[in-house]
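The data block below is protein.csv; it holds CSV, C-alpha atoms (C1' of nucleotides).
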chain,number,residue,atom,x,y,z
M,15,MET,CA,7.1,10.1,9.5
M,16,PRO,CA,4.3,9.6,6.9
M,17,TYR,CA,4.9,6.9,4.3
M,18,SER,CA,5.7,9.4,1.6
M,19,ASN,CA,8.6,10.8,3.5
M,20,PHE,CA,10.6,7.7,3.0
M,21,ALA,CA,10.8,8.7,-0.6
M,22,SER,CA,13.2,11.5,0.5
M,23,MET,CA,15.1,9.6,3.2
M,24,PRO,CA,18.8,9.5,2.9
M,25,CYS,CA,18.9,5.8,2.4
M,26,THR,CA,19.5,4.0,-0.8
M,27,LEU,CA,17.3,1.2,0.3
M,28,SER,CA,14.4,3.2,1.7
M,29,ARG,CA,13.8,5.2,-1.3
M,30,PRO,CA,13.4,2.4,-3.8
M,31,ALA,CA,11.4,0.5,-1.2
M,32,ALA,CA,9.0,3.4,-0.8
M,33,LEU,CA,8.7,3.9,-4.5
M,34,LEU,CA,8.1,0.2,-5.4
M,35,GLY,CA,6.2,-0.5,-2.3
M,36,GLU,CA,3.1,1.4,-3.4
M,37,ARG,CA,0.2,-0.8,-4.3
M,38,TRP,CA,0.2,-1.9,-7.9
M,39,THR,CA,3.7,-0.6,-8.7
M,40,LEU,CA,5.5,-3.9,-8.7
M,41,LEU,CA,2.7,-5.6,-10.6
M,42,LEU,CA,2.8,-2.8,-13.1
M,43,LEU,CA,6.5,-3.3,-13.6
M,44,ARG,CA,6.1,-7.0,-14.0
M,45,GLN,CA,3.6,-6.3,-16.8
M,46,ILE,CA,6.0,-3.9,-18.4
M,47,PHE,CA,8.8,-6.4,-18.4
M,48,LEU,CA,6.4,-8.8,-20.0
M,49,GLY,CA,5.9,-6.4,-22.9
M,50,THR,CA,2.8,-4.4,-22.0
M,51,ARG,CA,3.1,-0.8,-23.1
M,52,ARG,CA,-0.3,0.8,-23.5
M,53,PHE,CA,-2.7,2.3,-21.1
M,54,GLU,CA,-5.6,0.1,-22.3
M,55,ASP,CA,-3.5,-3.0,-22.1
M,56,PHE,CA,-2.4,-2.4,-18.5
M,57,GLN,CA,-6.0,-1.7,-17.6
M,58,ALA,CA,-7.3,-4.8,-19.3
M,59,THR,CA,-4.6,-7.3,-18.1
M,60,MET,CA,-4.4,-6.1,-14.5
M,61,ASP,CA,-7.9,-4.8,-14.0
M,62,ILE,CA,-6.5,-1.8,-12.1
M,63,SER,CA,-8.7,1.2,-11.8
M,64,ARG,CA,-8.0,3.8,-14.4
M,65,SER,CA,-7.3,6.7,-12.0
M,66,VAL,CA,-4.8,4.7,-10.0
M,67,LEU,CA,-3.1,3.5,-13.2
M,68,THR,CA,-2.8,7.1,-14.4
M,69,ASP,CA,-1.3,8.0,-11.0
M,70,ARG,CA,1.2,5.1,-11.0
M,71,LEU,CA,2.3,5.7,-14.5
M,72,ASN,CA,2.9,9.3,-13.8
M,73,VAL,CA,5.0,8.6,-10.7
M,74,LEU,CA,7.2,6.2,-12.7
M,75,LEU,CA,7.5,8.8,-15.5
M,76,GLN,CA,8.5,11.4,-13.0
M,77,GLU,CA,11.1,9.1,-11.5
M,78,ASN,CA,12.4,8.5,-14.9
M,79,VAL,CA,11.7,4.8,-14.7
M,80,LEU,CA,9.4,5.0,-17.7
M,81,LYS,CA,9.2,7.3,-20.7
M,82,ARG,CA,6.4,8.1,-23.1
M,83,VAL,CA,7.3,7.3,-26.7
M,84,PRO,CA,5.1,8.3,-29.7
M,85,TYR,CA,4.1,5.6,-32.2
M,86,HIS,CA,1.8,5.4,-35.1
M,87,GLU,CA,-1.2,3.3,-35.6
M,88,ASP,CA,-4.0,3.7,-38.1
M,89,GLY,CA,-2.3,6.9,-39.2
M,90,ARG,CA,-2.7,8.3,-35.7
M,91,THR,CA,0.0,9.4,-33.3
M,92,ARG,CA,-0.3,7.8,-29.9
M,93,HIS,CA,2.0,7.2,-27.0
M,94,GLU,CA,3.3,4.1,-25.2
M,95,TYR,CA,5.1,3.6,-22.0
M,96,ARG,CA,8.6,2.2,-22.2
M,97,LEU,CA,11.4,1.5,-19.8
M,98,THR,CA,14.3,3.9,-19.6
M,99,GLU,CA,17.7,2.6,-18.8
M,100,LYS,CA,17.0,3.3,-15.2
M,101,GLY,CA,13.8,1.2,-15.5
M,102,ARG,CA,15.5,-1.7,-17.3
M,103,ASP,CA,18.0,-1.7,-14.5
M,104,LEU,CA,15.2,-2.8,-12.2
M,105,TYR,CA,15.3,-6.2,-13.8
M,106,PRO,CA,17.3,-7.7,-10.9
M,107,VAL,CA,14.6,-6.6,-8.5
M,108,LEU,CA,11.9,-8.4,-10.4
M,109,MET,CA,14.1,-11.5,-10.9
M,110,ALA,CA,14.9,-11.6,-7.2
M,111,LEU,CA,11.2,-11.6,-6.5
M,112,ARG,CA,10.7,-14.4,-9.0
M,113,THR,CA,13.6,-16.5,-7.8
M,114,TRP,CA,12.1,-16.2,-4.3
M,115,GLY,CA,8.6,-17.0,-5.6
M,116,GLU,CA,9.8,-20.1,-7.3
M,117,ARG,CA,11.4,-21.4,-4.2
M,118,TRP,CA,8.8,-20.5,-1.7
M,119,MET,CA,5.5,-19.8,-3.3
M,120,ALA,CA,5.2,-22.5,-6.0
M,121,PRO,CA,3.4,-25.4,-4.4
M,122,GLU,CA,2.7,-27.0,-7.7
M,123,GLU,CA,4.9,-26.9,-10.7
M,124,GLU,CA,3.0,-23.9,-12.1
M,125,GLU,CA,4.5,-20.9,-13.8
M,126,SER,CA,2.7,-18.4,-16.0
M,127,PHE,CA,5.8,-18.0,-18.2
M,128,HIS,CA,9.3,-19.4,-18.6
M,129,LEU,CA,12.5,-17.5,-18.8
M,130,HIS,CA,15.7,-18.6,-20.3
M,131,HIS,CA,19.1,-17.3,-21.4
M,132,ARG,CA,18.9,-16.6,-25.2
M,133,ASP,CA,22.5,-17.7,-25.7
M,134,CYS,CA,22.6,-21.0,-23.9
M,135,GLY,CA,19.0,-21.8,-22.9
M,136,GLY,CA,19.8,-21.9,-19.2
M,137,GLY,CA,17.5,-20.8,-16.4
M,138,VAL,CA,17.6,-17.4,-14.7
M,139,ARG,CA,18.1,-16.6,-11.1
M,140,ALA,CA,19.0,-13.6,-8.9
M,141,LYS,CA,21.8,-13.7,-6.4
M,142,VAL,CA,23.9,-11.4,-4.2
M,143,GLU,CA,27.6,-11.4,-4.6
M,144,CYS,CA,30.7,-9.8,-3.2
M,145,THR,CA,32.2,-7.1,-5.5
M,146,GLU,CA,35.7,-8.2,-4.5
M,147,CYS,CA,35.9,-11.9,-4.2
M,148,ALA,CA,32.7,-12.7,-6.2
M,149,ALA,CA,31.5,-15.1,-3.5
M,150,GLU,CA,27.7,-15.6,-3.3
M,151,LEU,CA,26.4,-13.9,-0.1
M,152,THR,CA,23.5,-14.4,2.3
M,153,ALA,CA,22.4,-12.0,5.0
M,154,ARG,CA,24.7,-13.8,7.4
M,155,ASP,CA,27.8,-13.1,5.4
M,156,VAL,CA,27.2,-9.4,5.3
M,157,GLN,CA,28.2,-6.9,8.0
M,158,VAL,CA,26.0,-3.9,8.5
M,159,THR,CA,27.7,-0.7,9.7
M,160,ALA,CA,25.5,2.3,10.6
M,161,ARG,CA,26.8,5.4,9.0
M,162,GLN,CA,28.4,7.3,11.9
D,26,MET,CA,-9.4,-8.6,-10.6
D,27,PRO,CA,-8.9,-6.8,-7.3
D,28,TYR,CA,-5.4,-6.4,-6.0
D,29,SER,CA,-5.7,-9.1,-3.4
D,30,ASN,CA,-6.4,-11.7,-6.1
D,31,PHE,CA,-2.9,-11.4,-7.4
D,32,ALA,CA,-1.9,-13.1,-4.2
D,33,SER,CA,-3.4,-16.4,-5.5
D,34,MET,CA,-2.5,-16.0,-9.2
D,35,PRO,CA,-0.5,-18.9,-10.7
D,36,CYS,CA,2.6,-16.8,-11.3
D,37,THR,CA,5.7,-17.0,-9.3
D,38,LEU,CA,6.4,-13.3,-9.8
D,39,SER,CA,2.8,-11.9,-9.2
D,40,ARG,CA,2.4,-13.5,-5.9
D,41,PRO,CA,5.6,-12.2,-4.3
D,42,ALA,CA,5.0,-8.8,-6.0
D,43,ALA,CA,1.5,-8.6,-4.5
D,44,LEU,CA,2.7,-9.6,-1.0
D,45,LEU,CA,5.7,-7.2,-0.9
D,46,GLY,CA,3.8,-4.5,-2.9
D,47,GLU,CA,1.6,-3.6,0.0
D,48,ARG,CA,2.4,-0.3,1.6
D,49,TRP,CA,5.0,-0.5,4.4
D,50,THR,CA,5.9,-4.2,3.8
D,51,LEU,CA,9.2,-3.5,2.0
D,52,LEU,CA,10.2,-0.9,4.5
D,53,LEU,CA,9.3,-3.2,7.3
D,54,LEU,CA,11.5,-5.9,5.8
D,55,ARG,CA,14.3,-3.4,5.5
D,56,GLN,CA,14.0,-2.7,9.2
D,57,ILE,CA,14.0,-6.3,10.1
D,58,PHE,CA,17.1,-7.0,8.1
D,59,LEU,CA,18.7,-4.1,9.9
D,60,GLY,CA,18.0,-5.9,13.2
D,61,THR,CA,14.7,-4.5,14.5
D,62,ARG,CA,12.6,-7.2,16.1
D,63,ARG,CA,10.1,-5.7,18.5
D,64,PHE,CA,6.7,-4.1,17.9
D,65,GLU,CA,7.6,-0.9,19.8
D,66,ASP,CA,10.9,-0.5,17.9
D,67,PHE,CA,9.2,-0.8,14.5
D,68,GLN,CA,6.6,1.7,15.6
D,69,ALA,CA,9.2,4.1,16.8
D,70,THR,CA,11.7,3.9,13.9
D,71,MET,CA,9.2,3.8,11.1
D,72,ASP,CA,6.4,5.9,12.6
D,73,ILE,CA,3.8,3.5,11.1
D,74,SER,CA,0.4,3.5,12.6
D,75,ARG,CA,0.0,0.7,15.2
D,76,SER,CA,-3.0,-1.0,13.5
D,77,VAL,CA,-1.3,-1.2,10.1
D,78,LEU,CA,1.9,-2.5,11.8
D,79,THR,CA,-0.1,-5.2,13.5
D,80,ASP,CA,-1.7,-6.1,10.2
D,81,ARG,CA,1.5,-6.3,8.2
D,82,LEU,CA,3.3,-8.3,10.8
D,83,ASN,CA,0.4,-10.7,10.9
D,84,VAL,CA,0.4,-11.1,7.1
D,85,LEU,CA,4.1,-11.9,7.2
D,86,LEU,CA,3.6,-14.4,10.0
D,87,GLN,CA,0.9,-16.0,8.1
D,88,GLU,CA,3.1,-16.3,5.0
D,89,ASN,CA,5.8,-17.7,7.2
D,90,VAL,CA,8.2,-15.0,6.4
D,91,LEU,CA,8.4,-14.1,10.1
D,92,LYS,CA,8.0,-16.1,13.3
D,93,ARG,CA,7.3,-15.0,16.8
D,94,VAL,CA,10.1,-16.0,19.2
D,95,PRO,CA,9.8,-15.8,23.0
D,96,TYR,CA,12.5,-14.0,24.9
D,97,HIS,CA,13.1,-12.9,28.4
D,98,GLU,CA,13.6,-9.4,29.7
D,99,ASP,CA,13.3,-8.3,33.3
D,100,GLY,CA,12.2,-11.8,34.2
D,101,ARG,CA,9.2,-11.5,31.8
D,102,THR,CA,8.4,-13.5,28.7
D,103,ARG,CA,7.8,-11.4,25.6
D,104,HIS,CA,7.9,-12.1,21.9
D,105,GLU,CA,10.0,-10.8,19.1
D,106,TYR,CA,9.6,-11.0,15.3
D,107,ARG,CA,12.4,-12.8,13.5
D,108,LEU,CA,13.0,-14.0,10.0
D,109,THR,CA,12.3,-17.6,9.1
D,110,GLU,CA,14.5,-19.2,6.4
D,111,LYS,CA,11.9,-18.2,3.9
D,112,GLY,CA,12.2,-14.6,5.2
D,113,ARG,CA,16.0,-14.6,5.2
D,114,ASP,CA,15.8,-15.8,1.6
D,115,LEU,CA,14.3,-12.4,0.7
D,116,TYR,CA,17.7,-10.9,1.1
D,117,PRO,CA,18.4,-10.8,-2.6
D,118,VAL,CA,15.2,-8.8,-3.1
D,119,LEU,CA,16.3,-6.1,-0.7
D,120,MET,CA,19.8,-6.1,-2.0
D,121,ALA,CA,18.5,-5.7,-5.5
D,122,LEU,CA,16.6,-2.7,-4.4
D,123,ARG,CA,19.7,-1.3,-2.7
D,124,THR,CA,21.9,-1.9,-5.7
D,125,TRP,CA,19.4,-0.1,-7.8
D,126,GLY,CA,19.1,2.7,-5.3
D,127,GLU,CA,22.8,3.2,-5.2
D,128,ARG,CA,23.1,3.6,-8.9
D,129,TRP,CA,20.0,5.6,-9.6
D,130,MET,CA,18.7,7.3,-6.4
D,131,ALA,CA,21.9,8.5,-4.7
D,132,PRO,CA,22.6,12.1,-5.9
D,133,GLU,CA,25.0,12.7,-3.2
D,134,GLU,CA,27.4,10.2,-1.7
D,135,GLU,CA,24.9,9.5,1.1
D,136,GLU,CA,24.1,6.1,2.6
D,137,SER,CA,22.5,5.5,5.9
D,138,PHE,CA,24.5,2.3,6.4
D,139,HIS,CA,27.4,0.4,4.8
D,140,LEU,CA,27.4,-3.3,3.9
D,141,HIS,CA,30.4,-5.4,3.4
D,142,HIS,CA,31.4,-9.0,3.1
D,143,ARG,CA,32.6,-10.3,6.5
D,144,ASP,CA,35.3,-12.4,5.0
D,145,CYS,CA,37.0,-10.1,2.6
D,146,GLY,CA,35.5,-6.7,3.3
D,147,GLY,CA,34.2,-6.3,-0.3
D,148,GLY,CA,31.0,-4.5,-1.3
D,149,VAL,CA,27.7,-6.2,-1.9
D,150,ARG,CA,25.6,-6.1,-5.0
D,151,ALA,CA,22.7,-8.1,-6.5
D,152,LYS,CA,22.8,-9.5,-10.0
D,153,VAL,CA,21.0,-11.9,-12.3
D,154,GLU,CA,22.8,-14.8,-13.7
D,155,CYS,CA,22.3,-17.9,-15.9
D,156,THR,CA,22.0,-21.1,-14.0
D,157,GLU,CA,23.8,-22.9,-16.8
D,158,CYS,CA,26.6,-20.8,-18.1
D,159,ALA,CA,26.8,-18.3,-15.1
D,160,ALA,CA,26.8,-15.3,-17.4
D,161,GLU,CA,25.4,-12.1,-15.9
D,162,LEU,CA,22.1,-11.4,-17.6
D,163,THR,CA,20.1,-8.3,-18.3
D,164,ALA,CA,16.5,-8.1,-19.5
D,165,ARG,CA,17.7,-8.2,-23.1
D,166,ASP,CA,19.5,-11.5,-22.6
D,167,VAL,CA,16.4,-13.3,-21.4
D,168,GLN,CA,13.7,-14.9,-23.6
D,169,VAL,CA,10.2,-14.9,-22.2
D,170,THR,CA,8.0,-17.8,-23.2
D,171,ALA,CA,4.3,-17.8,-22.2
D,172,ARG,CA,3.3,-21.1,-20.6
D,173,GLN,CA,1.4,-23.1,-23.3
B,21,DT,C1',-22.8,13.2,-39.8
B,22,DA,C1',-22.6,9.5,-36.5
B,23,DA,C1',-20.1,6.0,-34.3
B,24,DC,C1',-15.7,4.3,-32.6
B,25,DT,C1',-11.1,4.1,-30.1
B,26,DG,C1',-7.4,5.1,-27.1
B,27,DA,C1',-6.3,7.6,-23.3
B,28,DG,C1',-7.3,9.7,-19.9
B,29,DT,C1',-10.6,12.7,-16.0
B,30,DT,C1',-14.3,13.1,-12.7
B,31,DC,C1',-16.9,11.8,-8.9
B,32,DG,C1',-19.5,9.4,-5.2
B,33,DA,C1',-19.0,5.1,-2.6
B,34,DA,C1',-16.0,1.7,-0.5
B,35,DA,C1',-11.8,0.3,1.6
B,36,DT,C1',-7.5,1.5,3.8
B,37,DT,C1',-4.7,4.2,6.7
B,38,DC,C1',-4.0,7.6,10.4
B,39,DG,C1',-3.6,9.1,15.1
B,40,DA,C1',-5.0,9.2,19.5
B,41,DA,C1',-7.1,6.9,23.2
B,42,DC,C1',-8.1,2.6,25.4
B,43,DG,C1',-7.2,-2.3,27.2
B,44,DC,C1',-4.6,-5.8,29.3
B,45,DA,C1',-1.3,-8.8,31.5
B,46,DA,C1',3.0,-9.1,34.0
B,47,DG,C1',6.3,-7.0,37.2
B,48,DG,C1',7.9,-3.7,40.7
B,49,DG,C1',7.5,-0.6,44.4
B,50,DA,C1',4.8,1.4,48.4
A,9,DT,C1',-2.8,-4.9,48.5
A,10,DC,C1',-2.9,-1.0,45.4
A,11,DC,C1',-0.9,1.7,42.0
A,12,DC,C1',2.5,2.6,38.3
A,13,DT,C1',5.1,1.2,34.3
A,14,DT,C1',6.0,-1.5,29.9
A,15,DG,C1',5.3,-3.9,25.8
A,16,DC,C1',1.9,-5.0,22.7
A,17,DG,C1',-1.7,-4.7,20.8
A,18,DT,C1',-7.3,-3.1,19.8
A,19,DT,C1',-10.7,0.4,18.9
A,20,DC,C1',-12.7,4.1,16.6
A,21,DG,C1',-13.7,8.4,14.2
A,22,DA,C1',-11.4,11.2,10.7
A,23,DA,C1',-8.5,11.6,6.6
A,24,DT,C1',-6.7,9.5,2.5
A,25,DT,C1',-6.6,6.2,-1.2
A,26,DT,C1',-8.9,3.1,-4.2
A,27,DC,C1',-12.8,1.5,-6.8
A,28,DG,C1',-16.0,1.5,-10.6
A,29,DA,C1',-18.8,3.6,-13.6
A,30,DA,C1',-19.7,7.4,-16.4
A,31,DC,C1',-17.9,11.2,-18.9
A,32,DT,C1',-14.5,13.9,-22.0
A,33,DC,C1',-11.9,14.7,-26.0
A,34,DA,C1',-9.4,14.3,-30.3
A,35,DG,C1',-8.8,11.9,-34.4
A,36,DT,C1',-10.8,8.3,-37.6
A,37,DT,C1',-13.6,5.4,-39.9
A,38,DA,C1',-18.5,4.3,-41.8

How would this structure read if it were set down as structure tokens?
Amino acid sequence: MPYSNFASMPCTLSRPAALLGERWTLLLLRQIFLGTRRFEDFQATMDISRSVLTDRLNVLLQENVLKRVPYHEDGRTRHEYRLTEKGRDLYPVLMALRTWGERWMAPEEEESFHLHHRDCGGGVRAKVECTECAAELTARDVQVTARQ
Amino acid sequence: MPYSNFASMPCTLSRPAALLGERWTLLLLRQIFLGTRRFEDFQATMDISRSVLTDRLNVLLQENVLKRVPYHEDGRTRHEYRLTEKGRDLYPVLMALRTWGERWMAPEEEESFHLHHRDCGGGVRAKVECTECAAELTARDVQVTARQ
DNA sequence: TAACTGAGTTCGAAATTCGAACGCAAGGGA
DNA sequence: TCCCTTGCGTTCGAATTTCGAACTCAGTTA
């Protein structure tokens, strides 16, 4: 099976993994969550080639993760890329990556930005929990059952 | 900046994103969490080319996400790939992908496997929470502050 | 009218991935 | 001993993707 076929595999983990597992896509989403919205700004801050940027933005538009929204500047109508609700709902994925990065890939006390809860100022972390008993779960606490 | 430089960027989100954002890597991790451990089995179940599989496994070994563990079969010593603690700690990333996939990429009621909490049988989901007040957070609840 | 800007598109070169064949070491059977 | 099989890679030419620089185009400003 070529890589692209995972995008249509009947597995709720494979499909997102294939979508976000394309080169640049996760970094692009990071930039979007940090507030970047325009083609030129993605290009400048990430130094991605323009043709690949076009392609990745189009894939995310097609998947309805992003939407193009018109805006005005200097009396001209342009478009910017913004997250849809589906896109915003990817936040836990990015935060899970960051939580992991803080624990395992931060030799020094470096961070390029800080995150905190607006209401109480606390830190932010991703976790996995049980929908019934609300216990925090690790891989060992979870039973995998192949679908028939 | 070429893609590979994100791997050494001083950002706890960029570096994991660059590592897991290489083609096949997320799908490979999914397979590992599902129990696959041997080269031949990865190759067979994912149909990835052997040279790329070798490369991805080596990157994950180098990053200490995986370790090679000897085992015996037919009186011969072979090696299998297993998660380290660092690797197991990627579980929330995969679960966040799955939680998202269930909500947004599951048109039918399909799933290729079920997950449930061993102790109580409940479902599994990823979420983001505040380290102080334990509230569940969305992107809107979080303030981003650029470092200095 | 000419220059500028944002947002792409195009295209040849470089890098990555693919697929099939090859290599190799250990064990088993004749 | 010699040959076959297995698991785990390596190699290599072809196909695909990415890169980077130049080009396009529409609207705007000088």

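Near chain M, within 10 Å and counting all atoms listed in the file, the residues of chain B are DG26, DA27, DG28, DT29, DT30 and DC38 of chain B.
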
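Computed from the coordinates, the CA of Ser74 in chain D to CA of Asp99 in chain D distance equals 27.1 Å.
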
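Proximity to chain D at a cut-off of 9 Å picks out DG15, DC16, DG17 and DT18 of chain A on chain A, counting only C-alpha atoms (C1' of nucleotides).
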
For chain M, list the residues within 6 Å of chain D, counting all atoms listed in the file, and write the list as an NGL selection string. :M and (15 or 25-27 or 30-31 or 35-37 or 40 or 61 or 106-107 or 110-112 or 115-116 or 125-132 or 136-146 or 155-161)

Write out as a list in words the residues lying within 10 Å of DA38 in chain A, counting all atoms listed in the file and excluding same-chain residues fewer than 4 positions away.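 Near DA38 in chain A, the qualifying residues are DA22, DA23 and DC24 of chain B.
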
Which residues are close to DT14 in chain A, i.e. within 12 Å by all atoms listed in the file, leaving aside same-chain residues fewer than 5 positions away? Reply as a PDB file with C-alpha atoms (C1' of nucleotides), keeping the file's coordinate frame.
ATOM      1  CA  GLU D  65       7.600  -0.900  19.800  1.00  0.00           C
ATOM      2  CA  GLU D  98      13.600  -9.400  29.700  1.00  0.00           C
ATOM      3  CA  ASP D  99      13.300  -8.300  33.300  1.00  0.00           C
ATOM      4  CA  ARG D 101       9.200 -11.500  31.800  1.00  0.00           C
ATOM      5  CA  ARG D 103       7.800 -11.400  25.600  1.00  0.00           C
TER       6      ARG D 103
ATOM      7  C1'  DC B  44      -4.600  -5.800  29.300  1.00  0.00           C
ATOM      8  C1'  DA B  45      -1.300  -8.800  31.500  1.00  0.00           C
ATOM      9  C1'  DA B  46       3.000  -9.100  34.000  1.00  0.00           C
ATOM     10  C1'  DG B  47       6.300  -7.000  37.200  1.00  0.00           C
ATOM     11  C1'  DG B  48       7.900  -3.700  40.700  1.00  0.00           C
TER      12       DG B  48
END

Quick one: distance from CA of Leu108 in chain D to CA of Ile57 in chain D in Å, one decimal?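 CA of Ile57 in chain D lies at a distance of 7.8 Å from CA of Leu108 in chain D.
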
re CA of Val84 in chain D and CA of Asp66 in chain D: distance 18.4 Å

My structure is short of atoms at range 67-91 of chain M; please model N, CA and C atoms there, returning them as an mmCIF file, keeping the file's coordinate frame.
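Saved as selection_27.cif:
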data_model
loop_
_atom_site.group_PDB
_atom_site.id
_atom_site.type_symbol
_atom_site.label_atom_id
_atom_site.label_comp_id
_atom_site.auth_asym_id
_atom_site.auth_seq_id
_atom_site.Cartn_x
_atom_site.Cartn_y
_atom_site.Cartn_z
ATOM 1 N N LEU M 67 -4.115 3.754 -12.173
ATOM 2 C CA LEU M 67 -3.100 3.500 -13.200
ATOM 3 C C LEU M 67 -2.498 4.755 -13.725
ATOM 4 N N THR M 68 -3.322 5.770 -13.961
ATOM 5 C CA THR M 68 -2.800 7.100 -14.400
ATOM 6 C C THR M 68 -1.774 7.582 -13.356
ATOM 7 N N ASP M 69 -2.151 7.494 -12.098
ATOM 8 C CA ASP M 69 -1.300 8.000 -11.000
ATOM 9 C C ASP M 69 0.067 7.229 -11.021
ATOM 10 N N ARG M 70 0.015 5.898 -11.041
ATOM 11 C CA ARG M 70 1.200 5.100 -11.000
ATOM 12 C C ARG M 70 2.150 5.325 -12.158
ATOM 13 N N LEU M 71 1.546 5.411 -13.334
ATOM 14 C CA LEU M 71 2.300 5.700 -14.500
ATOM 15 C C LEU M 71 3.022 7.039 -14.409
ATOM 16 N N ASN M 72 2.293 8.016 -13.898
ATOM 17 C CA ASN M 72 2.900 9.300 -13.800
ATOM 18 C C ASN M 72 4.024 9.366 -12.766
ATOM 19 N N VAL M 73 3.876 8.632 -11.675
ATOM 20 C CA VAL M 73 5.000 8.600 -10.700
ATOM 21 C C VAL M 73 6.209 7.962 -11.357
ATOM 22 N N LEU M 74 6.014 6.885 -12.108
ATOM 23 C CA LEU M 74 7.200 6.200 -12.700
ATOM 24 C C LEU M 74 7.774 7.091 -13.847
ATOM 25 N N LEU M 75 6.939 7.882 -14.507
ATOM 26 C CA LEU M 75 7.500 8.800 -15.500
ATOM 27 C C LEU M 75 8.315 9.891 -14.790
ATOM 28 N N GLN M 76 7.770 10.393 -13.691
ATOM 29 C CA GLN M 76 8.500 11.400 -13.000
ATOM 30 C C GLN M 76 9.792 10.959 -12.402
ATOM 31 N N GLU M 77 9.819 9.697 -11.994
ATOM 32 C CA GLU M 77 11.100 9.100 -11.500
ATOM 33 C C GLU M 77 11.994 8.681 -12.573
ATOM 34 N N ASN M 78 11.537 8.873 -13.803
ATOM 35 C CA ASN M 78 12.400 8.500 -14.900
ATOM 36 C C ASN M 78 12.611 7.005 -15.079
ATOM 37 N N VAL M 79 11.661 6.227 -14.582
ATOM 38 C CA VAL M 79 11.700 4.800 -14.700
ATOM 39 C C VAL M 79 11.078 4.427 -16.089
ATOM 40 N N LEU M 80 10.064 5.197 -16.461
ATOM 41 C CA LEU M 80 9.400 5.000 -17.700
ATOM 42 C C LEU M 80 9.518 6.303 -18.558
ATOM 43 N N LYS M 81 9.339 6.150 -19.871
ATOM 44 C CA LYS M 81 9.200 7.300 -20.700
ATOM 45 C C LYS M 81 8.065 7.093 -21.690
ATOM 46 N N ARG M 82 7.463 8.197 -22.147
ATOM 47 C CA ARG M 82 6.400 8.100 -23.100
ATOM 48 C C ARG M 82 6.971 8.245 -24.508
ATOM 49 N N VAL M 83 6.693 7.280 -25.334
ATOM 50 C CA VAL M 83 7.300 7.300 -26.700
ATOM 51 C C VAL M 83 6.139 7.305 -27.694
ATOM 52 N N PRO M 84 6.182 8.241 -28.639
ATOM 53 C CA PRO M 84 5.100 8.300 -29.700
ATOM 54 C C PRO M 84 5.239 7.121 -30.625
ATOM 55 N N TYR M 85 4.105 6.664 -31.122
ATOM 56 C CA TYR M 85 4.100 5.600 -32.200
ATOM 57 C C TYR M 85 2.904 5.870 -33.044
ATOM 58 N N HIS M 86 2.890 5.225 -34.209
ATOM 59 C CA HIS M 86 1.800 5.400 -35.100
ATOM 60 C C HIS M 86 0.948 4.178 -35.283
ATOM 61 N N GLU M 87 -0.336 4.370 -35.326
ATOM 62 C CA GLU M 87 -1.200 3.300 -35.600
ATOM 63 C C GLU M 87 -2.458 3.840 -36.255
ATOM 64 N N ASP M 88 -2.874 3.199 -37.354
ATOM 65 C CA ASP M 88 -4.000 3.700 -38.100
ATOM 66 C C ASP M 88 -3.803 5.157 -38.496
ATOM 67 N N GLY M 89 -2.591 5.501 -38.785
ATOM 68 C CA GLY M 89 -2.300 6.900 -39.200
ATOM 69 C C GLY M 89 -2.442 7.893 -38.052
ATOM 70 N N ARG M 90 -2.557 7.410 -36.816
ATOM 71 C CA ARG M 90 -2.700 8.300 -35.700
ATOM 72 C C ARG M 90 -1.456 8.261 -34.808
ATOM 73 N N THR M 91 -1.124 9.373 -34.220
ATOM 74 C CA THR M 91 0.000 9.400 -33.300
ATOM 75 C C THR M 91 -0.553 9.105 -31.876
#
